$ cat upload-v5.cif   # mmCIF, C-alpha atoms (C1' of nucleotides)
data_my_file
#
loop_
_atom_site.label_atom_id
_atom_site.label_comp_id
_atom_site.auth_asym_id
_atom_site.auth_seq_id
_atom_site.Cartn_x
_atom_site.Cartn_y
_atom_site.Cartn_z
CA MET A 170 164.41 -108.20 -104.01
CA THR A 171 167.46 -106.03 -104.22
CA GLU A 172 170.59 -107.32 -105.91
CA LEU A 173 172.16 -109.87 -103.63
CA ARG A 174 175.38 -110.66 -105.42
CA PRO A 175 178.49 -108.69 -104.58
CA VAL A 176 180.36 -106.39 -106.92
CA THR A 177 183.06 -108.85 -107.89
CA SER A 178 186.64 -107.99 -108.82
CA SER A 179 185.75 -108.36 -112.43
CA LEU A 180 182.83 -105.95 -112.16
CA GLN A 181 185.02 -103.49 -110.29
CA ASP A 182 187.43 -103.62 -113.20
CA TYR A 183 184.64 -102.66 -115.53
CA LEU A 184 183.67 -99.72 -113.35
CA GLU A 185 187.26 -98.58 -113.14
CA VAL A 186 187.68 -98.68 -116.89
CA ILE A 187 184.42 -96.84 -117.44
CA LEU A 188 185.64 -94.14 -115.07
CA ASN A 189 188.95 -93.83 -116.90
CA LEU A 190 187.33 -93.78 -120.31
CA SER A 191 184.79 -91.18 -119.28
CA GLU A 192 187.65 -88.88 -118.32
CA GLU A 193 189.20 -89.38 -121.72
CA LYS A 194 186.25 -89.04 -124.03
CA LYS A 195 182.76 -87.61 -124.18
CA VAL A 196 180.91 -90.89 -124.33
CA VAL A 197 181.89 -94.38 -123.35
CA ARG A 198 180.72 -97.22 -125.49
CA VAL A 199 180.73 -100.99 -125.31
CA THR A 200 183.47 -101.19 -127.89
CA ASP A 201 185.72 -98.84 -125.94
CA ILE A 202 185.40 -100.97 -122.84
CA ALA A 203 185.96 -104.18 -124.77
CA ASP A 204 189.08 -102.75 -126.40
CA ARG A 205 190.52 -101.40 -123.18
CA LEU A 206 190.01 -104.62 -121.26
CA ASP A 207 190.78 -106.82 -124.25
CA ILE A 208 187.58 -108.73 -123.72
CA ALA A 209 184.95 -109.71 -126.28
CA LYS A 210 181.98 -107.40 -126.62
CA PRO A 211 179.37 -109.94 -125.60
CA SER A 212 181.25 -110.42 -122.35
CA VAL A 213 181.13 -106.69 -121.79
CA ILE A 214 177.42 -106.59 -122.50
CA GLN A 215 176.87 -109.31 -119.98
CA ALA A 216 178.88 -107.52 -117.33
CA LEU A 217 177.06 -104.25 -118.04
CA ALA A 218 173.75 -105.99 -117.53
CA LEU A 219 174.85 -106.94 -114.03
CA LEU A 220 176.11 -103.43 -113.30
CA LYS A 221 172.75 -102.06 -114.43
CA GLU A 222 170.92 -104.44 -112.14
CA LYS A 223 173.02 -103.12 -109.29
CA GLY A 224 172.30 -99.55 -110.24
CA LEU A 225 175.95 -98.75 -110.86
CA ILE A 226 175.66 -97.74 -114.49
CA ARG A 227 173.05 -96.46 -116.91
CA GLN A 228 172.79 -97.48 -120.53
CA ASN A 229 169.97 -97.50 -123.04
CA ARG A 230 169.91 -100.07 -125.78
CA TYR A 231 172.57 -99.20 -128.34
CA GLY A 232 173.47 -96.17 -126.28
CA PRO A 233 176.55 -95.03 -124.40
CA VAL A 234 177.48 -96.15 -120.89
CA GLU A 235 177.40 -93.84 -117.89
CA LEU A 236 178.23 -94.31 -114.23
CA THR A 237 175.52 -93.53 -111.69
CA GLU A 238 176.41 -91.65 -108.52
CA GLU A 239 176.94 -94.90 -106.71
CA GLY A 240 178.84 -96.41 -109.59
CA TYR A 241 181.09 -93.40 -109.67
CA ARG A 242 181.83 -93.67 -105.98
CA CYS A 243 182.62 -97.33 -106.32
CA ALA A 244 184.87 -96.76 -109.32
CA GLU A 245 186.72 -93.93 -107.59
CA LYS A 246 187.41 -96.12 -104.62
CA VAL A 247 188.95 -98.84 -106.74
CA TRP A 248 190.90 -96.31 -108.77
CA HIS A 249 192.25 -94.73 -105.62
CA ARG A 250 193.45 -98.12 -104.42
CA HIS A 251 195.03 -98.69 -107.75
CA ASN A 252 196.97 -95.46 -107.49
CA VAL A 253 198.10 -96.10 -103.95
CA LEU A 254 199.47 -99.45 -105.00
CA PHE A 255 201.03 -98.10 -108.14
CA GLY A 256 202.75 -95.36 -106.17
CA PHE A 257 204.04 -97.75 -103.59
CA LEU A 258 205.32 -100.26 -106.10
CA THR A 259 207.09 -97.75 -108.31
CA GLN A 260 208.34 -95.23 -105.78
CA ILE A 261 209.11 -97.34 -102.75
CA LEU A 262 210.03 -100.67 -104.27
CA GLY A 263 211.29 -99.38 -107.59
CA VAL A 264 209.18 -101.72 -109.66
CA SER A 265 208.86 -100.83 -113.34
CA PRO A 266 205.71 -98.95 -114.34
CA GLN A 267 204.57 -101.84 -116.52
CA ALA A 268 204.83 -104.47 -113.82
CA ALA A 269 203.47 -102.09 -111.21
CA GLU A 270 200.46 -101.36 -113.37
CA GLU A 271 199.69 -105.03 -113.83
CA ASP A 272 200.31 -105.94 -110.23
CA ALA A 273 198.17 -103.09 -108.99
CA CYS A 274 195.33 -104.28 -111.21
CA LEU A 275 195.62 -107.77 -109.85
CA ILE A 276 195.63 -106.99 -106.17
CA GLU A 277 193.65 -103.77 -105.90
CA HIS A 278 190.45 -105.68 -105.24
CA ASP A 279 191.76 -108.11 -102.68
CA LEU A 280 193.70 -106.29 -100.01
CA SER A 281 191.98 -105.57 -96.71
CA SER A 282 191.07 -102.04 -95.69
CA GLU A 283 193.49 -102.39 -92.85
CA THR A 284 196.40 -103.00 -95.18
CA PHE A 285 195.34 -100.10 -97.37
CA GLU A 286 195.19 -97.75 -94.44
CA LYS A 287 198.62 -98.81 -93.27
CA LEU A 288 199.97 -98.49 -96.77
CA ILE A 289 198.65 -94.95 -97.07
CA SER A 290 200.14 -94.01 -93.70
CA PHE A 291 203.44 -95.49 -94.76
CA LEU A 292 203.46 -93.50 -97.97
CA LYS A 293 202.69 -90.31 -96.06
CA GLU A 294 205.57 -90.95 -93.70
CA GLN A 295 207.83 -91.37 -96.69
CA LYS A 296 206.52 -88.07 -98.04
CA ILE A 297 205.28 -89.89 -101.08
CA GLU A 298 202.11 -88.38 -102.42
CA ALA A 299 201.86 -90.94 -105.15
CA HIS A 300 198.23 -91.54 -104.53
CA TYR A 301 197.34 -88.06 -105.64
CA GLN A 302 199.04 -88.33 -109.00
CA LYS A 303 196.36 -89.77 -111.20
CA ARG A 304 197.45 -91.77 -114.14
CA LYS A 305 195.33 -92.73 -117.06
CA ARG A 306 194.96 -96.44 -117.60
CA CYS A 307 195.62 -95.97 -121.29
CA ASP A 308 199.25 -95.26 -120.46
CA LEU A 309 199.58 -98.97 -120.06
CA LYS A 310 198.86 -99.87 -123.64
CA ALA A 311 201.11 -97.09 -124.85
CA GLN A 312 204.00 -98.69 -123.01
CA GLY A 313 204.50 -101.43 -125.53
CA PRO A 314 203.45 -105.06 -125.51
CA GLY A 315 203.37 -105.55 -121.79
CA ASN A 316 200.76 -108.26 -122.12
CA GLY A 317 198.58 -106.48 -119.63
CA GLY A 318 195.52 -107.83 -121.36
CA ARG A 319 193.76 -111.10 -121.01
CA LYS A 320 192.54 -112.65 -124.23
CA LYS A 321 194.88 -115.23 -125.70
CA MET B 76 199.68 -135.13 -124.37
CA THR B 77 201.15 -133.66 -121.25
CA GLU B 78 199.02 -131.58 -118.94
CA LEU B 79 198.33 -128.31 -120.71
CA ARG B 80 196.46 -126.34 -118.08
CA PRO B 81 198.37 -124.16 -115.69
CA VAL B 82 198.66 -124.64 -111.96
CA THR B 83 196.00 -122.12 -111.01
CA SER B 84 195.92 -120.05 -107.84
CA SER B 85 193.43 -122.44 -106.39
CA LEU B 86 195.63 -125.45 -107.07
CA GLN B 87 198.62 -123.63 -105.61
CA ASP B 88 196.60 -123.12 -102.46
CA TYR B 89 196.03 -126.85 -102.22
CA LEU B 90 199.73 -127.55 -102.64
CA GLU B 91 200.61 -124.99 -100.01
CA VAL B 92 198.20 -126.49 -97.52
CA ILE B 93 199.43 -129.98 -98.22
CA LEU B 94 202.97 -128.79 -97.53
CA ASN B 95 201.95 -127.18 -94.27
CA LEU B 96 199.95 -130.17 -93.13
CA SER B 97 202.73 -132.59 -93.97
CA GLU B 98 205.01 -130.63 -91.64
CA GLU B 99 202.44 -130.91 -88.89
CA LYS B 100 201.42 -134.54 -89.09
CA LYS B 101 202.59 -137.88 -90.36
CA VAL B 102 200.01 -138.28 -93.09
CA VAL B 103 197.84 -135.79 -94.88
CA ARG B 104 194.32 -136.79 -95.75
CA VAL B 105 191.48 -135.37 -97.77
CA THR B 106 189.62 -134.40 -94.64
CA ASP B 107 192.58 -132.46 -93.28
CA ILE B 108 192.83 -130.45 -96.44
CA ALA B 109 189.09 -129.85 -96.56
CA ASP B 110 189.09 -128.66 -92.96
CA ARG B 111 192.07 -126.41 -93.36
CA LEU B 112 190.75 -124.74 -96.48
CA ASP B 113 187.16 -124.85 -95.32
CA ILE B 114 186.11 -126.46 -98.56
CA ALA B 115 183.85 -129.47 -99.09
CA LYS B 116 185.58 -132.81 -99.49
CA PRO B 117 184.33 -133.51 -103.00
CA SER B 118 185.87 -130.23 -104.09
CA VAL B 119 189.17 -131.32 -102.60
CA ILE B 120 188.96 -134.70 -104.35
CA GLN B 121 188.41 -132.95 -107.61
CA ALA B 122 191.36 -130.63 -107.11
CA LEU B 123 193.56 -133.54 -106.09
CA ALA B 124 192.66 -135.33 -109.31
CA LEU B 125 194.04 -132.38 -111.26
CA LEU B 126 197.18 -132.24 -109.15
CA LYS B 127 197.72 -135.95 -109.79
CA GLU B 128 197.34 -135.42 -113.52
CA LYS B 129 200.06 -132.81 -113.32
CA GLY B 130 202.28 -135.11 -111.32
CA LEU B 131 202.38 -132.78 -108.32
CA ILE B 132 200.94 -135.18 -105.78
CA ARG B 133 200.55 -138.89 -105.23
CA GLN B 134 197.51 -140.54 -103.71
CA ASN B 135 196.04 -144.01 -103.88
CA ARG B 136 192.33 -144.54 -103.55
CA TYR B 137 191.34 -144.00 -99.92
CA GLY B 138 194.96 -143.31 -99.11
CA PRO B 139 196.89 -140.30 -97.83
CA VAL B 140 198.15 -137.46 -99.97
CA GLU B 141 201.82 -136.83 -100.67
CA LEU B 142 203.68 -134.19 -102.61
CA THR B 143 205.97 -135.33 -105.40
CA GLU B 144 209.38 -133.72 -105.83
CA GLU B 145 207.92 -131.26 -108.28
CA GLY B 146 204.87 -130.66 -106.15
CA TYR B 147 207.09 -129.95 -103.19
CA ARG B 148 209.13 -127.43 -105.13
CA CYS B 149 206.00 -125.71 -106.32
CA ALA B 150 204.49 -125.61 -102.84
CA GLU B 151 207.70 -124.27 -101.33
CA LYS B 152 207.80 -121.47 -103.84
CA VAL B 153 204.28 -120.35 -103.00
CA TRP B 154 204.93 -120.71 -99.30
CA HIS B 155 208.05 -118.61 -99.57
CA ARG B 156 206.09 -115.88 -101.29
CA HIS B 157 203.52 -116.11 -98.57
CA ASN B 158 206.13 -115.57 -95.92
CA VAL B 159 207.74 -112.66 -97.69
CA LEU B 160 204.39 -110.95 -97.92
CA PHE B 161 203.47 -111.77 -94.37
CA GLY B 162 206.76 -110.39 -93.13
CA PHE B 163 206.40 -107.22 -95.11
CA LEU B 164 202.82 -106.61 -94.08
CA THR B 165 203.36 -107.20 -90.38
CA GLN B 166 206.84 -105.83 -89.87
CA ILE B 167 207.01 -102.94 -92.30
CA LEU B 168 203.42 -101.82 -92.50
CA GLY B 169 202.35 -102.95 -89.06
CA VAL B 170 199.31 -104.86 -90.29
CA SER B 171 197.76 -107.28 -87.80
CA PRO B 172 198.76 -110.94 -88.17
CA GLN B 173 195.20 -111.91 -89.02
CA ALA B 174 194.78 -109.41 -91.84
CA ALA B 175 198.34 -110.01 -93.04
CA GLU B 176 197.70 -113.72 -93.22
CA GLU B 177 194.56 -113.27 -95.27
CA ASP B 178 196.04 -110.64 -97.54
CA ALA B 179 199.15 -112.71 -98.15
CA CYS B 180 196.96 -115.65 -99.16
CA LEU B 181 195.03 -113.52 -101.57
CA ILE B 182 197.90 -111.92 -103.41
CA GLU B 183 200.70 -114.46 -103.15
CA HIS B 184 199.75 -115.98 -106.48
CA ASP B 185 199.33 -112.82 -108.47
CA LEU B 186 202.31 -110.56 -107.96
CA SER B 187 204.99 -110.49 -110.64
CA SER B 188 208.43 -111.94 -110.01
CA GLU B 189 209.80 -108.47 -110.44
CA THR B 190 207.77 -107.15 -107.54
CA PHE B 191 208.76 -110.10 -105.40
CA GLU B 192 212.41 -109.56 -106.08
CA LYS B 193 212.15 -105.89 -105.20
CA LEU B 194 210.20 -106.73 -102.10
CA ILE B 195 212.86 -109.14 -100.93
CA SER B 196 215.61 -106.60 -101.56
CA PHE B 197 213.62 -104.03 -99.65
CA LEU B 198 213.22 -106.34 -96.69
CA LYS B 199 216.92 -107.08 -96.70
CA GLU B 200 217.74 -103.40 -96.65
CA GLN B 201 215.49 -103.00 -93.68
CA LYS B 202 217.29 -105.83 -91.97
CA ILE B 203 214.07 -107.74 -91.86
CA GLU B 204 214.58 -111.42 -92.30
CA ALA B 205 210.91 -112.13 -92.07
CA HIS B 206 210.95 -114.49 -94.98
CA TYR B 207 213.05 -116.95 -93.07
CA GLN B 208 210.67 -117.15 -90.15
CA LYS B 209 208.34 -119.90 -91.14
CA ARG B 210 204.90 -119.81 -89.72
CA LYS B 211 202.42 -122.61 -89.75
CA ARG B 212 199.22 -121.89 -91.54
CA CYS B 213 197.26 -123.35 -88.69
CA ASP B 214 198.15 -120.32 -86.60
CA LEU B 215 195.45 -118.55 -88.50
CA LYS B 216 192.59 -120.62 -87.22
CA ALA B 217 193.95 -120.45 -83.70
CA GLN B 218 193.73 -116.69 -83.81
CA GLY B 219 190.00 -116.57 -83.37
CA PRO B 220 187.15 -116.13 -85.82
CA GLY B 221 189.03 -114.14 -88.42
CA ASN B 222 186.78 -115.46 -91.17
CA GLY B 223 189.78 -116.50 -93.15
CA GLY B 224 187.84 -119.34 -94.65
CA ARG B 225 185.61 -119.46 -97.63
CA LYS B 226 182.51 -121.55 -97.21
CA LYS B 227 179.43 -119.58 -96.25
"C1'" DT C 166 183.18 -159.46 -85.38
"C1'" DA C 167 179.13 -156.70 -86.36
"C1'" DA C 168 177.46 -152.19 -86.04
"C1'" DA C 169 178.58 -147.42 -85.93
"C1'" DA C 170 181.41 -143.66 -87.15
"C1'" DA C 171 184.66 -141.49 -89.92
"C1'" DT C 172 186.55 -140.94 -94.23
"C1'" DG C 173 186.71 -141.02 -99.30
"C1'" DT C 174 184.32 -140.99 -103.74
"C1'" DT C 175 180.88 -140.39 -107.50
"C1'" DA C 176 177.21 -138.03 -109.68
"C1'" DG C 177 175.00 -134.19 -110.78
"C1'" DG C 178 174.52 -128.98 -110.27
"C1'" DA C 179 175.38 -123.96 -109.79
"C1'" DT C 180 177.79 -119.70 -110.73
"C1'" DA C 181 181.11 -116.35 -112.56
"C1'" DA C 182 183.39 -115.00 -116.32
"C1'" DC C 183 184.87 -115.73 -120.32
"C1'" DC C 184 184.16 -117.19 -125.57
"C1'" DT C 185 182.33 -117.56 -130.92
"C1'" DA C 186 178.80 -117.27 -134.36
"C1'" DA C 187 174.96 -115.15 -135.95
"C1'" DC C 188 171.95 -111.42 -136.08
"C1'" DA C 189 170.10 -106.44 -135.29
"C1'" DT C 190 170.68 -101.68 -135.31
"C1'" DG C 191 172.52 -97.22 -136.35
"C1'" DA C 192 175.83 -94.20 -138.68
"C1'" DA C 193 178.55 -93.02 -142.62
"C1'" DT C 194 178.84 -92.67 -147.47
"C1'" DA C 195 178.53 -93.67 -152.59
"C1'" DT D 146 168.31 -93.21 -150.26
"C1'" DA D 147 170.38 -97.74 -150.52
"C1'" DT D 148 174.32 -99.89 -149.19
"C1'" DT D 149 178.04 -100.68 -146.34
"C1'" DC D 150 180.35 -100.91 -142.11
"C1'" DA D 151 180.89 -100.26 -137.33
"C1'" DT D 152 178.61 -101.18 -133.26
"C1'" DG D 153 175.47 -103.58 -130.10
"C1'" DT D 154 172.97 -107.75 -128.87
"C1'" DT D 155 171.33 -112.57 -128.38
"C1'" DA D 156 172.01 -117.41 -128.18
"C1'" DG D 157 174.49 -121.03 -126.92
"C1'" DG D 158 179.08 -122.87 -125.22
"C1'" DT D 159 183.23 -123.71 -122.15
"C1'" DT D 160 186.08 -123.79 -118.05
"C1'" DA D 161 187.34 -123.33 -113.23
"C1'" DT D 162 185.76 -123.84 -108.85
"C1'" DC D 163 182.82 -124.47 -105.77
"C1'" DC D 164 178.47 -127.14 -103.82
"C1'" DT D 165 174.96 -131.14 -101.90
"C1'" DA D 166 173.21 -135.74 -101.79
"C1'" DA D 167 174.05 -140.34 -102.07
"C1'" DC D 168 177.05 -144.11 -101.88
"C1'" DA D 169 181.52 -146.86 -100.87
"C1'" DT D 170 185.25 -148.01 -98.08
"C1'" DT D 171 187.92 -148.09 -93.98
"C1'" DT D 172 188.50 -147.66 -89.17
"C1'" DT D 173 186.87 -147.73 -84.61
"C1'" DT D 174 184.45 -149.67 -80.94
"C1'" DA D 175 180.88 -152.07 -78.34
#
$ encode --input "upload-v5.cif" --output "structure tokens"
Amino acid sequence: MTELRPVTSSLQDYLEVILNLSEEKKVVRVTDIADRLDIAKPSVIQALALLKEKGLIRQNRYGPVELTEEGYRCAEKVWHRHNVLFGFLTQILGVSPQAAEEDACLIEHDLSSETFEKLISFLKEQKIEAHYQKRKRCDLKAQGPGNGGRKK
Amino acid sequence: MTELRPVTSSLQDYLEVILNLSEEKKVVRVTDIADRLDIAKPSVIQALALLKEKGLIRQNRYGPVELTEEGYRCAEKVWHRHNVLFGFLTQILGVSPQAAEEDACLIEHDLSSETFEKLISFLKEQKIEAHYQKRKRCDLKAQGPGNGGRKK
DNA sequence: TAAAAATGTTAGGATAACCTAACATGAATA
DNA sequence: TATTCATGTTAGGTTATCCTAACATTTTTA
């Protein structure tokens, strides 16, 4: 009876973006999410319907989008992973912020917990506290045409 | 007129497995690929059809599968990335071989060239030549029920 | 060599994640 | 307030990647 399907990478991306947007502005709307992810609005609507089913967001018809407690926890987790990766890529490997941002987005969902734990330990040993420095996702778009988006 | 679609992550996985299998045995067959990837044979057939279209493999009806020159180059590239990642994860981060194997598989297709270059430089600095130590994919299955496969 | 087993293929479906076009609603404004 | 415009939604597709069931071919073996 409960939702059986997992929270896919794609859905995690939506949660992450909703979290970021809600830190930037009072209310988060479908259009904001669509713009940020560079995805058509109907696709966003469809994804939001799934997130609602799973109890991760709340949204009334034509209303703004909000994370539930559980949705917030889930989004924070992904965002934390994102920051760990971003910190590692930029500060240890010296990857450019643009590439690091994109790469972090791509792999943040996939890596095992084990690898994440080891990565965090490694960063601590190197006295890198990168994972505490939160960055806003919007920085990405501001950094020029990095083609971080999807749509053709 | 030429093949327009890209060689997706999934197709790269097939090429990689074909490369590995062809180093292990005289001929590579549909069943071998299906077993290794834990994917149903019809799915393999379908993927092989696409790889043929792109000129990356050769296969006659009911016959064995072979990489073309281009297919071989493509497979080698992915396999090299796999090994770089595996080396980094196990030797720098201390991740277990099982988790490293799975994680490498998941992200080998996604990371930017920039990140790969930096990663290779980093490994060189650390005197780690991990990317030269080729491992056979089959090691994975031998390492117990790591659930590296896909099928339910 | 005929039957059985293994292997390869075709046909038809499902699901996730996108899309465009058309329509509905709500907010801004002339 | 009537119109316009931004925003949200529905309906109906498309593509990639997987699946099962049924069938065809090849290989093995009794």
$ closest_atom_pairs --input "upload-v5.cif" --of "chain D" --to "chain A" --cutoff "8 Å" --atoms "all atoms listed in the file" --output "Markdown table"
| residue | atom | partner | partner_atom | distance |
| --- | --- | --- | --- | --- |
| D:DT152 | C1' | A:Thr200 | CA | 7.2 |
| D:DG153 | C1' | A:Tyr231 | CA | 5.5 |
| D:DT154 | C1' | A:Pro211 | CA | 7.5 |
$ closest_residue --input "upload-v5.cif" --among "B:Asp107, B:Glu151, B:Glu98, B:Glu177" --to "chain C" --atoms "all atoms listed in the file"
B:Asp107
$ atom_distance --input "upload-v5.cif" --atom1 "atom C1' of DC188 of chain C" --atom2 "atom CA of Ala209 of chain A"
16.4 Å
$ resolve_selection --input "upload-v5.cif" --expression "the PyMOL selection byres ((chain C) within 9 of (chain A))" --output "PDB file with C-alpha atoms (C1' of nucleotides), in the frame of the given file"
ATOM      1  C1'  DA C 182     183.390-115.000-116.320  1.00  0.00           C
ATOM      2  C1'  DC C 183     184.870-115.730-120.320  1.00  0.00           C
ATOM      3  C1'  DC C 184     184.160-117.190-125.570  1.00  0.00           C
ATOM      4  C1'  DT C 190     170.680-101.680-135.310  1.00  0.00           C
ATOM      5  C1'  DG C 191     172.520 -97.220-136.350  1.00  0.00           C
TER       6       DG C 191
END
$ atom_distance --input "upload-v5.cif" --atom1 "atom CA of Gln134 of chain B" --atom2 "atom C1' of DA168 of chain C"
29.2 Å
$ resolve_selection --input "upload-v5.cif" --expression "the PyMOL selection byres ((chain A and resi 288) around 10)" --output "list in words"
Val253, Leu254, Phe257, Ser282, Glu283, Thr284, Phe285, Glu286, Lys287, Ile289, Ser290, Phe291, Leu292, Lys293 and Glu294 of chain A; Leu164, Ile167, Leu168, Gly169 and Val170 of chain B
$ calpha_fit_and_write --input "upload-v5.cif" --fixed "chain B" --moving "chain A" --output "compact mmCIF listing (two decimals) with C-alpha atoms, keeping the file's coordinate frame"
# COMPACT_ATOMS: atom_id res chain seq x y z
CA MET A 170 199.68 -135.16 -124.34
CA THR A 171 201.13 -133.60 -121.25
CA GLU A 172 198.93 -131.52 -118.98
CA LEU A 173 198.26 -128.25 -120.71
CA ARG A 174 196.39 -126.32 -118.06
CA PRO A 175 198.32 -124.12 -115.67
CA VAL A 176 198.60 -124.62 -111.94
CA THR A 177 195.95 -122.11 -110.96
CA SER A 178 195.90 -120.04 -107.78
CA SER A 179 193.42 -122.42 -106.32
CA LEU A 180 195.61 -125.44 -107.03
CA GLN A 181 198.60 -123.63 -105.57
CA ASP A 182 196.59 -123.13 -102.41
CA TYR A 183 196.04 -126.84 -102.20
CA LEU A 184 199.73 -127.54 -102.61
CA GLU A 185 200.60 -124.99 -99.97
CA VAL A 186 198.19 -126.51 -97.49
CA ILE A 187 199.44 -130.00 -98.20
CA LEU A 188 202.97 -128.79 -97.52
CA ASN A 189 201.94 -127.20 -94.24
CA LEU A 190 199.95 -130.21 -93.13
CA SER A 191 202.74 -132.61 -93.97
CA GLU A 192 205.01 -130.66 -91.64
CA GLU A 193 202.45 -130.97 -88.89
CA LYS A 194 201.43 -134.58 -89.11
CA LYS A 195 202.61 -137.92 -90.41
CA VAL A 196 200.02 -138.31 -93.12
CA VAL A 197 197.84 -135.83 -94.90
CA ARG A 198 194.34 -136.84 -95.77
CA VAL A 199 191.49 -135.42 -97.79
CA THR A 200 189.62 -134.48 -94.66
CA ASP A 201 192.57 -132.54 -93.28
CA ILE A 202 192.82 -130.50 -96.44
CA ALA A 203 189.08 -129.90 -96.57
CA ASP A 204 189.06 -128.74 -92.95
CA ARG A 205 192.05 -126.46 -93.33
CA LEU A 206 190.72 -124.78 -96.45
CA ASP A 207 187.12 -124.90 -95.29
CA ILE A 208 186.08 -126.50 -98.54
CA ALA A 209 183.85 -129.53 -99.09
CA LYS A 210 185.59 -132.86 -99.51
CA PRO A 211 184.34 -133.53 -103.02
CA SER A 212 185.88 -130.24 -104.09
CA VAL A 213 189.16 -131.36 -102.60
CA ILE A 214 188.97 -134.68 -104.38
CA GLN A 215 188.41 -132.91 -107.63
CA ALA A 216 191.36 -130.61 -107.10
CA LEU A 217 193.57 -133.55 -106.11
CA ALA A 218 192.67 -135.31 -109.32
CA LEU A 219 194.03 -132.35 -111.26
CA LEU A 220 197.18 -132.21 -109.14
CA LYS A 221 197.71 -135.92 -109.80
CA GLU A 222 197.34 -135.39 -113.52
CA LYS A 223 200.04 -132.76 -113.30
CA GLY A 224 202.29 -135.05 -111.34
CA LEU A 225 202.37 -132.75 -108.33
CA ILE A 226 200.94 -135.15 -105.79
CA ARG A 227 200.57 -138.87 -105.26
CA GLN A 228 197.55 -140.54 -103.74
CA ASN A 229 196.11 -144.02 -103.94
CA ARG A 230 192.40 -144.55 -103.63
CA TYR A 231 191.39 -144.03 -100.01
CA GLY A 232 195.00 -143.34 -99.17
CA PRO A 233 196.92 -140.36 -97.85
CA VAL A 234 198.16 -137.47 -99.99
CA GLU A 235 201.83 -136.84 -100.67
CA LEU A 236 203.68 -134.18 -102.63
CA THR A 237 205.98 -135.32 -105.42
CA GLU A 238 209.38 -133.69 -105.85
CA GLU A 239 207.92 -131.23 -108.28
CA GLY A 240 204.87 -130.64 -106.15
CA TYR A 241 207.08 -129.95 -103.19
CA ARG A 242 209.12 -127.42 -105.12
CA CYS A 243 205.99 -125.68 -106.30
CA ALA A 244 204.49 -125.61 -102.82
CA GLU A 245 207.70 -124.26 -101.29
CA LYS A 246 207.78 -121.46 -103.80
CA VAL A 247 204.27 -120.36 -102.96
CA TRP A 248 204.92 -120.71 -99.25
CA HIS A 249 208.04 -118.61 -99.53
CA ARG A 250 206.07 -115.88 -101.26
CA HIS A 251 203.49 -116.10 -98.57
CA ASN A 252 206.11 -115.56 -95.89
CA VAL A 253 207.74 -112.67 -97.68
CA LEU A 254 204.39 -110.94 -97.92
CA PHE A 255 203.45 -111.75 -94.37
CA GLY A 256 206.74 -110.36 -93.12
CA PHE A 257 206.40 -107.21 -95.12
CA LEU A 258 202.82 -106.58 -94.10
CA THR A 259 203.35 -107.16 -90.40
CA GLN A 260 206.84 -105.78 -89.89
CA ILE A 261 207.01 -102.91 -92.34
CA LEU A 262 203.42 -101.79 -92.55
CA GLY A 263 202.33 -102.90 -89.11
CA VAL A 264 199.31 -104.80 -90.34
CA SER A 265 197.75 -107.20 -87.84
CA PRO A 266 198.75 -110.86 -88.20
CA GLN A 267 195.19 -111.84 -89.04
CA ALA A 268 194.77 -109.37 -91.87
CA ALA A 269 198.31 -109.97 -93.06
CA GLU A 270 197.69 -113.69 -93.21
CA GLU A 271 194.55 -113.25 -95.28
CA ASP A 272 196.03 -110.63 -97.55
CA ALA A 273 199.13 -112.70 -98.15
CA CYS A 274 196.95 -115.65 -99.14
CA LEU A 275 195.04 -113.52 -101.57
CA ILE A 276 197.92 -111.94 -103.40
CA GLU A 277 200.70 -114.49 -103.12
CA HIS A 278 199.75 -116.03 -106.45
CA ASP A 279 199.36 -112.86 -108.45
CA LEU A 280 202.35 -110.62 -107.95
CA SER A 281 205.03 -110.58 -110.64
CA SER A 282 208.47 -112.02 -110.01
CA GLU A 283 209.84 -108.56 -110.44
CA THR A 284 207.80 -107.21 -107.56
CA PHE A 285 208.77 -110.16 -105.40
CA GLU A 286 212.43 -109.63 -106.07
CA LYS A 287 212.17 -105.96 -105.23
CA LEU A 288 210.20 -106.75 -102.12
CA ILE A 289 212.86 -109.18 -100.93
CA SER A 290 215.61 -106.64 -101.59
CA PHE A 291 213.65 -104.04 -99.69
CA LEU A 292 213.23 -106.33 -96.72
CA LYS A 293 216.95 -107.10 -96.72
CA GLU A 294 217.77 -103.41 -96.72
CA GLN A 295 215.50 -102.97 -93.74
CA LYS A 296 217.32 -105.84 -92.04
CA ILE A 297 214.07 -107.71 -91.88
CA GLU A 298 214.57 -111.42 -92.22
CA ALA A 299 210.88 -112.09 -92.03
CA HIS A 300 210.96 -114.45 -94.92
CA TYR A 301 213.05 -116.92 -93.01
CA GLN A 302 210.69 -117.16 -90.08
CA LYS A 303 208.32 -119.89 -91.11
CA ARG A 304 204.88 -119.80 -89.68
CA LYS A 305 202.42 -122.61 -89.69
CA ARG A 306 199.19 -121.88 -91.48
CA CYS A 307 197.25 -123.37 -88.60
CA ASP A 308 198.16 -120.33 -86.53
CA LEU A 309 195.48 -118.57 -88.47
CA LYS A 310 192.60 -120.62 -87.19
CA ALA A 311 193.93 -120.42 -83.67
CA GLN A 312 193.68 -116.65 -83.84
CA GLY A 313 189.95 -116.56 -83.41
CA PRO A 314 187.16 -116.11 -85.91
CA GLY A 315 189.07 -114.14 -88.47
CA ASN A 316 186.85 -115.43 -91.24
CA GLY A 317 189.89 -116.53 -93.17
CA GLY A 318 187.89 -119.35 -94.68
CA ARG A 319 185.62 -119.42 -97.63
CA LYS A 320 182.47 -121.46 -97.21
CA LYS A 321 179.43 -119.45 -96.21
$ atom_distance --input "upload-v5.cif" --atom1 "atom C1' of DA179 of chain C" --atom2 "atom C1' of DC164 of chain D"
7.4 Å
